[in-house]
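Q: One file: model31.pdb (PDB, C-alpha atoms).
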```pdb
ATOM      1  CA  MET A   1      52.550  43.957  43.702
ATOM      2  CA  SER A   2      50.290  46.406  41.882
ATOM      3  CA  GLU A   3      47.201  44.714  43.382
ATOM      4  CA  THR A   4      48.559  45.401  46.862
ATOM      5  CA  LEU A   5      49.340  48.977  45.915
ATOM      6  CA  PHE A   6      45.840  49.576  44.517
ATOM      7  CA  GLN A   7      44.312  48.019  47.645
ATOM      8  CA  TRP A   8      46.415  50.298  49.818
ATOM      9  CA  ILE A   9      45.288  53.303  47.748
ATOM     10  CA  ALA A  10      41.618  52.317  47.828
ATOM     11  CA  TYR A  11      41.648  51.923  51.638
ATOM     12  CA  SER A  12      43.898  54.895  52.431
ATOM     13  CA  PRO A  13      42.765  57.851  54.571
ATOM     14  CA  LEU A  14      42.970  60.048  51.451
ATOM     15  CA  ALA A  15      40.528  57.753  49.638
ATOM     16  CA  ASP A  16      38.201  57.951  52.642
ATOM     17  CA  TRP A  17      38.392  61.745  52.577
ATOM     18  CA  VAL A  18      37.552  62.020  48.850
ATOM     19  CA  VAL A  19      34.276  60.131  49.364
ATOM     20  CA  SER A  20      33.577  61.373  52.904
ATOM     21  CA  GLU A  21      31.276  64.260  51.903
ATOM     22  CA  SER A  22      28.935  64.445  48.924
ATOM     23  CA  TYR A  23      30.243  67.836  47.812
ATOM     24  CA  ILE A  24      33.935  66.852  47.549
ATOM     25  CA  TRP A  25      33.798  64.809  44.330
ATOM     26  CA  PRO A  26      31.705  67.365  42.345
ATOM     27  CA  THR A  27      33.965  70.170  43.607
ATOM     28  CA  LEU A  28      37.066  68.271  42.484
ATOM     29  CA  GLU A  29      35.445  67.588  39.099
ATOM     30  CA  SER A  30      34.568  71.260  38.680
ATOM     31  CA  ILE A  31      38.171  72.272  39.469
ATOM     32  CA  HIS A  32      39.437  69.561  37.060
ATOM     33  CA  PHE A  33      37.222  70.920  34.260
ATOM     34  CA  VAL A  34      38.028  74.602  34.854
ATOM     35  CA  SER A  35      41.711  73.713  34.852
ATOM     36  CA  LEU A  36      41.245  71.657  31.674
ATOM     37  CA  CYS A  37      39.929  74.798  29.954
ATOM     38  CA  VAL A  38      42.906  76.852  31.184
ATOM     39  CA  LEU A  39      45.279  74.125  29.946
ATOM     40  CA  MET A  40      43.573  73.822  26.550
ATOM     41  CA  GLY A  41      43.363  77.598  26.054
ATOM     42  CA  SER A  42      47.001  78.239  26.883
ATOM     43  CA  LEU A  43      48.218  75.334  24.719
ATOM     44  CA  LEU A  44      46.014  76.441  21.825
ATOM     45  CA  VAL A  45      47.691  79.860  21.761
ATOM     46  CA  VAL A  46      51.131  78.209  21.540
ATOM     47  CA  ASP A  47      50.045  75.544  19.037
ATOM     48  CA  LEU A  48      48.212  77.970  16.742
ATOM     49  CA  ARG A  49      51.396  80.060  16.573
ATOM     50  CA  LEU A  50      53.503  76.966  15.772
ATOM     51  CA  ILE A  51      51.029  75.887  13.074
ATOM     52  CA  GLY A  52      51.085  79.378  11.555
ATOM     53  CA  VAL A  53      47.463  80.419  12.110
ATOM     54  CA  PHE A  54      49.224  83.650  13.054
ATOM     55  CA  ARG A  55      52.925  84.362  12.564
ATOM     56  CA  GLU A  56      53.651  87.376  14.747
ATOM     57  CA  PRO A  57      56.694  86.961  16.998
ATOM     58  CA  CYS A  58      55.245  86.444  20.480
ATOM     59  CA  ALA A  59      57.930  84.864  22.658
ATOM     60  CA  ARG A  60      56.644  86.545  25.858
ATOM     61  CA  THR A  61      53.113  85.324  25.235
ATOM     62  CA  VAL A  62      54.328  81.794  24.543
ATOM     63  CA  ALA A  63      56.490  81.782  27.691
ATOM     64  CA  PHE A  64      53.531  83.020  29.786
ATOM     65  CA  MET A  65      51.156  80.457  28.275
ATOM     66  CA  ILE A  66      53.575  77.567  28.790
ATOM     67  CA  ARG A  67      53.905  78.506  32.484
ATOM     68  CA  LEU A  68      50.126  78.777  32.762
ATOM     69  CA  SER A  69      49.634  75.399  31.079
ATOM     70  CA  LEU A  70      52.110  73.784  33.491
ATOM     71  CA  LEU A  71      50.219  75.280  36.429
ATOM     72  CA  ALA A  72      46.891  74.030  35.018
ATOM     73  CA  PHE A  73      48.407  70.609  34.384
ATOM     74  CA  ALA A  74      49.615  70.468  38.001
ATOM     75  CA  VAL A  75      46.074  71.227  39.227
ATOM     76  CA  ASN A  76      44.644  68.559  36.898
ATOM     77  CA  LEU A  77      47.257  66.066  38.050
ATOM     78  CA  ALA A  78      46.455  66.752  41.714
ATOM     79  CA  THR A  79      42.682  66.439  41.233
ATOM     80  CA  GLY A  80      43.227  63.408  38.975
ATOM     81  CA  VAL A  81      45.246  61.661  41.686
ATOM     82  CA  LEU A  82      42.430  62.368  44.158
ATOM     83  CA  PHE A  83      39.910  60.799  41.728
ATOM     84  CA  PHE A  84      42.151  57.743  41.497
ATOM     85  CA  PHE A  85      42.306  57.458  45.275
ATOM     86  CA  GLY A  86      38.565  58.001  45.700
ATOM     87  CA  TYR A  87      37.390  55.461  43.134
ATOM     88  CA  THR A  88      40.378  53.248  42.312
ATOM     89  CA  ALA A  89      38.267  50.408  40.858
ATOM     90  CA  LYS A  90      36.962  52.738  38.149
ATOM     91  CA  TYR A  91      40.451  53.480  36.824
ATOM     92  CA  VAL A  92      42.399  50.232  37.183
ATOM     93  CA  ASN A  93      42.196  48.071  34.019
ATOM     94  CA  ASN A  94      40.183  50.805  32.293
ATOM     95  CA  PRO A  95      41.346  51.102  28.632
ATOM     96  CA  ALA A  96      40.187  54.730  28.344
ATOM     97  CA  PHE A  97      42.266  55.697  31.403
ATOM     98  CA  GLU A  98      45.297  53.775  30.130
ATOM     99  CA  ILE A  99      45.110  55.452  26.712
ATOM    100  CA  LYS A 100      44.654  58.845  28.413
ATOM    101  CA  LEU A 101      47.869  58.350  30.426
ATOM    102  CA  THR A 102      49.724  57.214  27.287
ATOM    103  CA  LEU A 103      48.559  60.302  25.368
ATOM    104  CA  ILE A 104      49.676  62.576  28.244
ATOM    105  CA  ALA A 105      53.130  60.935  28.171
ATOM    106  CA  LEU A 106      53.328  61.416  24.380
ATOM    107  CA  ALA A 107      52.229  65.051  24.739
ATOM    108  CA  GLY A 108      55.040  65.500  27.274
ATOM    109  CA  LEU A 109      57.586  64.125  24.785
ATOM    110  CA  ASN A 110      56.160  66.409  22.072
ATOM    111  CA  ALA A 111      56.562  69.398  24.418
ATOM    112  CA  LEU A 112      60.161  68.375  25.164
ATOM    113  CA  TYR A 113      60.885  68.236  21.430
ATOM    114  CA  TYR A 114      59.458  71.763  21.109
ATOM    115  CA  ARG A 115      61.727  72.954  23.908
ATOM    116  CA  TRP A 116      64.748  71.205  22.410
ATOM    117  CA  ARG A 117      64.359  72.236  18.744
ATOM    118  CA  LEU A 118      61.720  74.940  18.289
ATOM    119  CA  ALA A 119      61.691  77.236  21.321
ATOM    120  CA  ASP A 120      63.476  80.063  19.433
ATOM    121  CA  LEU A 121      61.074  79.966  16.483
ATOM    122  CA  VAL A 122      58.343  81.914  18.287
ATOM    123  CA  SER A 123      60.639  84.978  18.445
ATOM    124  CA  THR A 124      60.490  85.141  14.645
ATOM    125  CA  ARG A 125      57.793  85.062  11.947
ATOM    126  CA  GLU A 126      59.013  81.633  10.877
ATOM    127  CA  VAL A 127      56.807  78.573  10.477
ATOM    128  CA  THR A 128      58.454  75.261   9.549
ATOM    129  CA  ARG A 129      57.166  71.800   8.706
ATOM    130  CA  SER A 130      58.518  70.690  12.040
ATOM    131  CA  SER A 131      56.668  73.436  13.967
ATOM    132  CA  ILE A 132      53.416  72.644  12.123
ATOM    133  CA  ALA A 133      53.835  68.970  13.016
ATOM    134  CA  VAL A 134      54.535  69.727  16.701
ATOM    135  CA  GLY A 135      51.534  72.072  16.918
ATOM    136  CA  CYS A 136      49.151  69.640  15.203
ATOM    137  CA  ILE A 137      50.409  66.673  17.246
ATOM    138  CA  SER A 138      49.972  68.671  20.461
ATOM    139  CA  LEU A 139      46.371  69.605  19.581
ATOM    140  CA  ALA A 140      45.549  66.037  18.535
ATOM    141  CA  LEU A 141      47.088  64.515  21.668
ATOM    142  CA  TRP A 142      45.427  66.917  24.129
ATOM    143  CA  SER A 143      42.064  66.566  22.373
ATOM    144  CA  GLY A 144      42.558  62.808  22.709
ATOM    145  CA  VAL A 145      43.360  63.250  26.406
ATOM    146  CA  ILE A 146      40.045  65.085  26.916
ATOM    147  CA  VAL A 147      38.085  62.519  24.879
ATOM    148  CA  CYS A 148      39.616  59.575  26.780
ATOM    149  CA  GLY A 149      39.032  61.371  30.080
ATOM    150  CA  ARG A 150      35.326  61.617  29.296
ATOM    151  CA  MET A 151      35.277  57.968  28.138
ATOM    152  CA  ILE A 152      36.615  56.673  31.482
ATOM    153  CA  THR A 153      33.079  56.465  32.905
ATOM    154  CA  PHE A 154      31.817  54.474  29.925
ATOM    155  CA  TYR A 155      34.684  51.961  30.003
ATOM    156  CA  ALA A 156      34.812  51.478  33.775
ATOM    157  CA  PRO A 157      35.243  47.753  34.580
TER     158      PRO A 157
ATOM    159  CA  MET B   1       7.072  70.487  24.953
ATOM    160  CA  ASP B   2       5.176  67.822  22.995
ATOM    161  CA  PHE B   3       7.682  68.199  20.183
ATOM    162  CA  LEU B   4      10.579  67.715  22.615
ATOM    163  CA  GLU B   5       8.921  64.602  24.018
ATOM    164  CA  LEU B   6       8.445  63.321  20.494
ATOM    165  CA  LEU B   7      12.139  63.934  19.801
ATOM    166  CA  ALA B   8      13.201  62.280  23.050
ATOM    167  CA  ASP B   9      11.092  59.218  22.227
ATOM    168  CA  SER B  10      12.322  58.961  18.633
ATOM    169  CA  GLU B  11      14.475  56.118  17.317
ATOM    170  CA  PHE B  12      17.285  58.581  16.655
ATOM    171  CA  SER B  13      17.212  59.686  20.289
ATOM    172  CA  TYR B  14      17.273  56.027  21.398
ATOM    173  CA  TRP B  15      20.293  55.383  19.177
ATOM    174  CA  LEU B  16      22.045  58.464  20.603
ATOM    175  CA  SER B  17      21.385  57.179  24.131
ATOM    176  CA  VAL B  18      22.616  53.594  23.698
ATOM    177  CA  SER B  19      25.364  53.781  21.049
ATOM    178  CA  MET B  20      29.007  54.476  21.931
ATOM    179  CA  ALA B  21      29.004  56.737  18.855
ATOM    180  CA  GLY B  22      26.107  58.629  20.466
ATOM    181  CA  PHE B  23      26.089  60.015  24.002
ATOM    182  CA  PRO B  24      29.700  59.121  25.048
ATOM    183  CA  THR B  25      31.223  60.489  21.829
ATOM    184  CA  LEU B  26      29.057  63.610  21.893
ATOM    185  CA  ILE B  27      29.873  64.411  25.519
ATOM    186  CA  ALA B  28      33.586  63.863  24.771
ATOM    187  CA  LEU B  29      33.522  66.214  21.762
ATOM    188  CA  HIS B  30      31.470  68.660  23.835
ATOM    189  CA  SER B  31      34.387  68.796  26.284
ATOM    190  CA  VAL B  32      36.935  69.428  23.509
ATOM    191  CA  GLY B  33      34.840  72.327  22.180
ATOM    192  CA  MET B  34      34.470  73.625  25.727
ATOM    193  CA  GLY B  35      38.243  73.601  26.243
ATOM    194  CA  ALA B  36      38.776  75.607  23.048
ATOM    195  CA  ALA B  37      35.960  78.130  23.552
ATOM    196  CA  VAL B  38      36.484  78.794  27.254
ATOM    197  CA  GLY B  39      40.274  78.539  27.171
ATOM    198  CA  LEU B  40      40.631  80.971  24.287
ATOM    199  CA  SER B  41      38.101  83.355  25.805
ATOM    200  CA  MET B  42      40.410  83.391  28.839
ATOM    201  CA  ALA B  43      43.463  83.968  26.617
ATOM    202  CA  VAL B  44      41.820  86.945  24.904
ATOM    203  CA  THR B  45      40.798  88.389  28.280
ATOM    204  CA  LEU B  46      44.386  88.050  29.500
ATOM    205  CA  ARG B  47      45.555  89.898  26.377
ATOM    206  CA  LEU B  48      43.024  92.704  26.723
ATOM    207  CA  HIS B  49      44.089  93.166  30.355
ATOM    208  CA  GLY B  50      47.752  93.506  29.417
ATOM    209  CA  ALA B  51      49.150  90.078  30.333
ATOM    210  CA  LEU B  52      50.324  89.137  26.813
ATOM    211  CA  PRO B  53      51.776  92.394  25.467
ATOM    212  CA  ASP B  54      53.426  90.990  22.327
ATOM    213  CA  LEU B  55      50.217  89.485  20.952
ATOM    214  CA  GLY B  56      48.890  91.803  18.237
ATOM    215  CA  ARG B  57      45.373  92.470  16.995
ATOM    216  CA  PHE B  58      45.518  89.890  14.187
ATOM    217  CA  PRO B  59      46.446  86.940  16.457
ATOM    218  CA  VAL B  60      43.699  87.997  18.885
ATOM    219  CA  GLN B  61      41.223  87.945  15.983
ATOM    220  CA  ARG B  62      42.405  84.450  15.036
ATOM    221  CA  LEU B  63      42.041  83.260  18.647
ATOM    222  CA  LEU B  64      38.486  84.607  18.738
ATOM    223  CA  ASP B  65      37.731  82.832  15.431
ATOM    224  CA  VAL B  66      38.972  79.506  16.822
ATOM    225  CA  ALA B  67      37.030  80.120  20.046
ATOM    226  CA  MET B  68      33.906  80.459  17.922
ATOM    227  CA  TRP B  69      34.726  77.176  16.145
ATOM    228  CA  GLY B  70      34.952  75.574  19.575
ATOM    229  CA  PHE B  71      31.608  77.083  20.484
ATOM    230  CA  THR B  72      30.072  75.791  17.217
ATOM    231  CA  LEU B  73      31.255  72.265  18.071
ATOM    232  CA  ASN B  74      29.634  72.700  21.492
ATOM    233  CA  LEU B  75      26.409  73.992  19.978
ATOM    234  CA  VAL B  76      26.070  71.034  17.583
ATOM    235  CA  THR B  77      26.974  68.367  20.170
ATOM    236  CA  GLY B  78      24.902  70.165  22.822
ATOM    237  CA  LEU B  79      21.792  70.176  20.611
ATOM    238  CA  LEU B  80      22.217  66.459  19.885
ATOM    239  CA  LEU B  81      22.624  65.739  23.608
ATOM    240  CA  PHE B  82      19.545  67.853  24.286
ATOM    241  CA  ILE B  83      17.448  65.746  21.869
ATOM    242  CA  THR B  84      17.864  62.677  24.074
ATOM    243  CA  ARG B  85      16.168  64.251  27.114
ATOM    244  CA  GLY B  86      14.796  67.655  26.140
ATOM    245  CA  PRO B  87      11.898  67.858  28.617
ATOM    246  CA  GLU B  88      14.096  66.706  31.530
ATOM    247  CA  TYR B  89      16.804  69.247  30.686
ATOM    248  CA  LEU B  90      14.254  72.052  30.574
ATOM    249  CA  ALA B  91      12.945  71.025  33.992
ATOM    250  CA  SER B  92      16.445  71.251  35.498
ATOM    251  CA  GLY B  93      17.265  74.588  37.142
ATOM    252  CA  ILE B  94      21.017  74.028  37.000
ATOM    253  CA  PHE B  95      20.809  73.296  33.247
ATOM    254  CA  LEU B  96      18.847  76.511  32.667
ATOM    255  CA  LEU B  97      21.437  78.453  34.670
ATOM    256  CA  LYS B  98      24.172  76.909  32.509
ATOM    257  CA  MET B  99      22.305  77.943  29.361
ATOM    258  CA  LEU B 100      21.967  81.507  30.658
ATOM    259  CA  LEU B 101      25.724  81.649  31.340
ATOM    260  CA  VAL B 102      26.502  80.177  27.891
ATOM    261  CA  PHE B 103      24.248  82.778  26.302
ATOM    262  CA  ILE B 104      25.961  85.631  28.188
ATOM    263  CA  GLY B 105      29.438  84.251  27.396
ATOM    264  CA  THR B 106      28.713  83.797  23.689
ATOM    265  CA  ALA B 107      26.897  87.095  23.179
ATOM    266  CA  LEU B 108      29.630  89.105  24.917
ATOM    267  CA  LEU B 109      32.418  87.275  23.103
ATOM    268  CA  LEU B 110      30.745  88.110  19.777
ATOM    269  CA  VAL B 111      30.639  91.786  20.793
ATOM    270  CA  VAL B 112      34.318  91.639  21.812
ATOM    271  CA  ARG B 113      35.160  90.029  18.452
ATOM    272  CA  GLN B 114      33.345  92.825  16.661
ATOM    273  CA  ARG B 115      35.158  95.512  18.658
ATOM    274  CA  VAL B 116      38.594  93.912  18.167
ATOM    275  CA  ARG B 117      37.971  93.799  14.411
ATOM    276  CA  ALA B 118      37.028  97.475  14.423
ATOM    277  CA  LEU B 119      40.207  98.553  16.238
ATOM    278  CA  ALA B 120      43.087 100.055  14.350
ATOM    279  CA  SER B 121      45.942  97.584  13.916
ATOM    280  CA  GLY B 122      48.820  97.755  16.366
ATOM    281  CA  SER B 123      48.856  95.921  19.658
ATOM    282  CA  GLY B 124      48.656  99.055  21.823
ATOM    283  CA  ALA B 125      45.107  99.788  20.654
ATOM    284  CA  LEU B 126      43.912  96.517  22.148
ATOM    285  CA  LEU B 127      44.399  97.941  25.621
ATOM    286  CA  ASP B 128      42.581 101.188  24.843
ATOM    287  CA  ASP B 129      39.086  99.738  24.466
ATOM    288  CA  GLY B 130      37.815  99.699  28.036
ATOM    289  CA  MET B 131      34.442  98.306  26.987
ATOM    290  CA  ALA B 132      36.018  95.317  25.192
ATOM    291  CA  ARG B 133      38.176  94.650  28.262
ATOM    292  CA  ALA B 134      35.190  94.702  30.615
ATOM    293  CA  LEU B 135      32.972  92.598  28.330
ATOM    294  CA  SER B 136      35.649  89.973  27.732
ATOM    295  CA  LEU B 137      36.194  89.625  31.480
ATOM    296  CA  VAL B 138      32.453  89.121  32.091
ATOM    297  CA  ALA B 139      32.320  86.675  29.137
ATOM    298  CA  THR B 140      35.178  84.587  30.542
ATOM    299  CA  VAL B 141      33.669  84.532  34.045
ATOM    300  CA  ALA B 142      30.327  83.468  32.514
ATOM    301  CA  TRP B 143      32.065  80.736  30.488
ATOM    302  CA  PHE B 144      33.821  79.328  33.556
ATOM    303  CA  GLY B 145      30.478  79.501  35.377
ATOM    304  CA  ALA B 146      28.933  77.512  32.520
ATOM    305  CA  VAL B 147      31.692  74.887  32.853
ATOM    306  CA  VAL B 148      31.029  74.456  36.578
ATOM    307  CA  THR B 149      27.214  74.428  36.285
ATOM    308  CA  GLY B 150      27.508  72.018  33.334
ATOM    309  CA  ARG B 151      29.495  69.643  35.515
ATOM    310  CA  LEU B 152      27.024  69.977  38.359
ATOM    311  CA  ILE B 153      24.021  68.998  36.171
ATOM    312  CA  ALA B 154      24.868  65.378  36.968
ATOM    313  CA  TYR B 155      24.678  66.075  40.706
ATOM    314  CA  LEU B 156      21.976  68.718  41.109
ATOM    315  CA  SER B 157      19.333  67.257  38.782
ATOM    316  CA  ASP B 158      17.797  63.840  38.145
ATOM    317  CA  LEU B 159      19.492  63.589  34.758
ATOM    318  CA  TYR B 160      22.101  60.798  34.349
ATOM    319  CA  ARG B 161      20.806  58.957  37.416
TER     320      ARG B 161
END
```
Please, can you express the file's structure as structure tokens?
A:
Amino acid sequence: MSETLFQWIAYSPLADWVVSESYIWPTLESIHFVSLCVLMGSLLVVDLRLIGVFREPCARTVAFMIRLSLLAFAVNLATGVLFFFGYTAKYVNNPAFEIKLTLIALAGLNALYYRWRLADLVSTREVTRSSIAVGCISLALWSGVIVCGRMITFYAP
Amino acid sequence: MDFLELLADSEFSYWLSVSMAGFPTLIALHSVGMGAAVGLSMAVTLRLHGALPDLGRFPVQRLLDVAMWGFTLNLVTGLLLFITRGPEYLASGIFLLKMLLVFIGTALLLVVRQRVRALASGSGALLDDGMARALSLVATVAWFGAVVTGRLIAYLSDLYR
């Protein structure tokens, strides 16, 4: 089933387009990296507040940065899907890619926990053990996502 | 140049090139430092241009401190990466352009950090320093330029081929 799906992806018109011109892949990579920086910067602001590196109430800033990080993530997802279409064989059965996807899923769950339990905390000067844990886990997971992303090339089958 | 060739031909350089703890790990950590330095430079620029009004001077100082930690990680990993192919890097125009942009970004961010420190506390003052606003914007543009040129080294030079 998945073999058929990957074959369909690898021979799709979108896959053809991604590799059709020599400038497309480097352009997509550049966009992916710029967006990675936007994502990391906006999440760092939120996580550093949760950890207590600064304690000032900054609910508006956090709301803005979360929206910005979602936008950056959407851009990274879109360019990432194009990479997958353009060079499917590099990603399928690649442990670095599989771990990267797992870490992204875990980071999503961590963000949901923040939304469920801690969203009001940033309106106060409060820092709790739970907020420190969520902030540290977020930083560790997203750093891991970046590391695994860079490792994909070195673990390509 | 001879010294760089000596470094590139050293056993340490060979180990960096072939070990998974060498080049792949360094380039991965280089990306993490990049995300922190460039991303936080962007955040500070957003603040200085009024997008994050409830972020005071102290948090901005902390963000700039962490950005500098990110840059330090990049400097260390970048120097180690440079050891492996110093002469080839120096012969690459796109690498030299990246270095120029990194230099501009870092120097301006250090000036911005200095100016933010010197401001009176209170978030309103952050918007009053027109020079800091302008410099931080140029720094962030230079940083993003460095990200793009850094990525293009693999395509516009003979390195990594």
Q: Contacts of range 13-27 of chain B at 9 Å or less, counting all atoms listed in the file, minus same-chain residues fewer than 5 places along, as a ChimeraX atom specification?
A: /A:147,150-151,153-154 /B:7-8,32,77-78,80-81,83-85
Q: Give me, as a tab-separated table (two decimals) with C-alpha atoms, keeping the file's coordinate frame, the residues of chain A touching chain B, with the criterion being at most 10 Å (counting only C-alpha atoms).
A:
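out34.tsv was written with the following content:
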```tsv
chain	number	residue	atom	x	y	z
A	22	SER	CA	28.94	64.44	48.92
A	23	TYR	CA	30.24	67.84	47.81
A	25	TRP	CA	33.80	64.81	44.33
A	26	PRO	CA	31.70	67.36	42.34
A	27	THR	CA	33.97	70.17	43.61
A	29	GLU	CA	35.44	67.59	39.10
A	30	SER	CA	34.57	71.26	38.68
A	31	ILE	CA	38.17	72.27	39.47
A	32	HIS	CA	39.44	69.56	37.06
A	33	PHE	CA	37.22	70.92	34.26
A	34	VAL	CA	38.03	74.60	34.85
A	35	SER	CA	41.71	73.71	34.85
A	36	LEU	CA	41.24	71.66	31.67
A	37	CYS	CA	39.93	74.80	29.95
A	38	VAL	CA	42.91	76.85	31.18
A	39	LEU	CA	45.28	74.12	29.95
A	40	MET	CA	43.57	73.82	26.55
A	41	GLY	CA	43.36	77.60	26.05
A	42	SER	CA	47.00	78.24	26.88
A	43	LEU	CA	48.22	75.33	24.72
A	44	LEU	CA	46.01	76.44	21.82
A	45	VAL	CA	47.69	79.86	21.76
A	48	LEU	CA	48.21	77.97	16.74
A	49	ARG	CA	51.40	80.06	16.57
A	53	VAL	CA	47.46	80.42	12.11
A	54	PHE	CA	49.22	83.65	13.05
A	55	ARG	CA	52.92	84.36	12.56
A	56	GLU	CA	53.65	87.38	14.75
A	57	PRO	CA	56.69	86.96	17.00
A	58	CYS	CA	55.24	86.44	20.48
A	59	ALA	CA	57.93	84.86	22.66
A	60	ARG	CA	56.64	86.54	25.86
A	61	THR	CA	53.11	85.32	25.24
A	62	VAL	CA	54.33	81.79	24.54
A	63	ALA	CA	56.49	81.78	27.69
A	64	PHE	CA	53.53	83.02	29.79
A	65	MET	CA	51.16	80.46	28.28
A	142	TRP	CA	45.43	66.92	24.13
A	143	SER	CA	42.06	66.57	22.37
A	144	GLY	CA	42.56	62.81	22.71
A	145	VAL	CA	43.36	63.25	26.41
A	146	ILE	CA	40.04	65.08	26.92
A	147	VAL	CA	38.08	62.52	24.88
A	148	CYS	CA	39.62	59.58	26.78
A	149	GLY	CA	39.03	61.37	30.08
A	150	ARG	CA	35.33	61.62	29.30
A	151	MET	CA	35.28	57.97	28.14
A	152	ILE	CA	36.62	56.67	31.48
A	153	THR	CA	33.08	56.46	32.90
A	154	PHE	CA	31.82	54.47	29.92
```
Q: Which residue gives the smallest distance to Glu88 in chain B among B:Leu127, B:Leu110, B:Leu137, B:Leu4, with only C-alpha atoms counted?
A: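 Using only C-alpha atoms, Glu88 in chain B sits closest to B:Leu4.
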Q: Applied to this file, what does the PyMOL selection byres ((chain A and resi 3-18) around 9) return in terms of residues, put as a VMD selection string?
A: chain A and resid 1 to 2 19 to 22 24 to 25 28 82 to 89 92
Q: Apply the PyMOL selection byres ((chain A and resi 141) around 10) to the structure shown and report the selected residues as an mmCIF file with C-alpha atoms, in the coordinates of the input.
A:
```cif
data_model
loop_
_atom_site.group_PDB
_atom_site.id
_atom_site.type_symbol
_atom_site.label_atom_id
_atom_site.label_comp_id
_atom_site.auth_asym_id
_atom_site.auth_seq_id
_atom_site.Cartn_x
_atom_site.Cartn_y
_atom_site.Cartn_z
ATOM 1 C CA LYS A 100 44.654 58.845 28.413
ATOM 2 C CA THR A 102 49.724 57.214 27.287
ATOM 3 C CA LEU A 103 48.559 60.302 25.368
ATOM 4 C CA ILE A 104 49.676 62.576 28.244
ATOM 5 C CA ALA A 105 53.130 60.935 28.171
ATOM 6 C CA LEU A 106 53.328 61.416 24.380
ATOM 7 C CA ALA A 107 52.229 65.051 24.739
ATOM 8 C CA GLY A 108 55.040 65.500 27.274
ATOM 9 C CA ASN A 110 56.160 66.409 22.072
ATOM 10 C CA GLY A 135 51.534 72.072 16.918
ATOM 11 C CA CYS A 136 49.151 69.640 15.203
ATOM 12 C CA ILE A 137 50.409 66.673 17.246
ATOM 13 C CA SER A 138 49.972 68.671 20.461
ATOM 14 C CA LEU A 139 46.371 69.605 19.581
ATOM 15 C CA ALA A 140 45.549 66.037 18.535
ATOM 16 C CA TRP A 142 45.427 66.917 24.129
ATOM 17 C CA SER A 143 42.064 66.566 22.373
ATOM 18 C CA GLY A 144 42.558 62.808 22.709
ATOM 19 C CA VAL A 145 43.360 63.250 26.406
ATOM 20 C CA ILE A 146 40.045 65.085 26.916
ATOM 21 C CA VAL A 147 38.085 62.519 24.879
#
```
Q: Report, in Å with one decimal, the straight-line distance from CA of Arg125 in chain A to CA of Val46 in chain A.
A: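 So the two atoms, CA of Arg125 in chain A and CA of Val46 in chain A, lie 13.5 Å apart.
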Q: When you draw a straight line from CA of Val116 in chain B to CA of Val122 in chain A, how long is it in Å?
A: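 CA of Val122 in chain A lies at a distance of 23.1 Å from CA of Val116 in chain B.
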Q: Check the smallest atom-to-atom distance from each of B:Leu48, B:Leu73, B:Ala118, B:Val141 to Val102 in chain B using only C-alpha atoms, then report the winner.
A: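 Comparing B:Leu48, B:Leu73, B:Ala118, B:Val141 against Val102 in chain B, the winner is B:Val141.
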Q: Can you work out the spacing between CA of Met68 in chain B and CA of Leu119 in chain B in Å, to one decimal?
A: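 Here the two named atoms are 19.2 Å from each other.
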Q: Missing atoms in range 67-77 of chain B need filling: write out N, CA and C atoms for it as a JSON list (two decimals), in the coordinates of the input.
A:
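Written out: result_21.json:
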```json
[["chain", "number", "residue", "atom", "x", "y", "z"],
["B", 67, "ALA", "N", 37.96, 80.25, 18.91],
["B", 67, "ALA", "CA", 37.03, 80.12, 20.05],
["B", 67, "ALA", "C", 35.61, 79.90, 19.54],
["B", 68, "MET", "N", 35.25, 80.61, 18.48],
["B", 68, "MET", "CA", 33.91, 80.46, 17.92],
["B", 68, "MET", "C", 33.72, 79.09, 17.26],
["B", 69, "TRP", "N", 34.80, 78.54, 16.67],
["B", 69, "TRP", "CA", 34.73, 77.18, 16.14],
["B", 69, "TRP", "C", 34.48, 76.19, 17.29],
["B", 70, "GLY", "N", 35.17, 76.43, 18.39],
["B", 70, "GLY", "CA", 34.95, 75.57, 19.58],
["B", 70, "GLY", "C", 33.51, 75.67, 20.05],
["B", 71, "PHE", "N", 33.00, 76.89, 20.06],
["B", 71, "PHE", "CA", 31.61, 77.08, 20.48],
["B", 71, "PHE", "C", 30.64, 76.39, 19.53],
["B", 72, "THR", "N", 30.94, 76.46, 18.20],
["B", 72, "THR", "CA", 30.07, 75.79, 17.22],
["B", 72, "THR", "C", 30.03, 74.28, 17.45],
["B", 73, "LEU", "N", 31.20, 73.70, 17.75],
["B", 73, "LEU", "CA", 31.26, 72.26, 18.07],
["B", 73, "LEU", "C", 30.37, 71.98, 19.29],
["B", 74, "ASN", "N", 30.44, 72.86, 20.27],
["B", 74, "ASN", "CA", 29.63, 72.70, 21.49],
["B", 74, "ASN", "C", 28.15, 72.84, 21.20],
["B", 75, "LEU", "N", 27.82, 73.76, 20.32],
["B", 75, "LEU", "CA", 26.41, 73.99, 19.98],
["B", 75, "LEU", "C", 25.82, 72.74, 19.31],
["B", 76, "VAL", "N", 26.56, 72.20, 18.33],
["B", 76, "VAL", "CA", 26.07, 71.03, 17.58],
["B", 76, "VAL", "C", 25.94, 69.82, 18.53],
["B", 77, "THR", "N", 27.02, 69.53, 19.27],
["B", 77, "THR", "CA", 26.97, 68.37, 20.17],
["B", 77, "THR", "C", 25.95, 68.59, 21.28]]
```
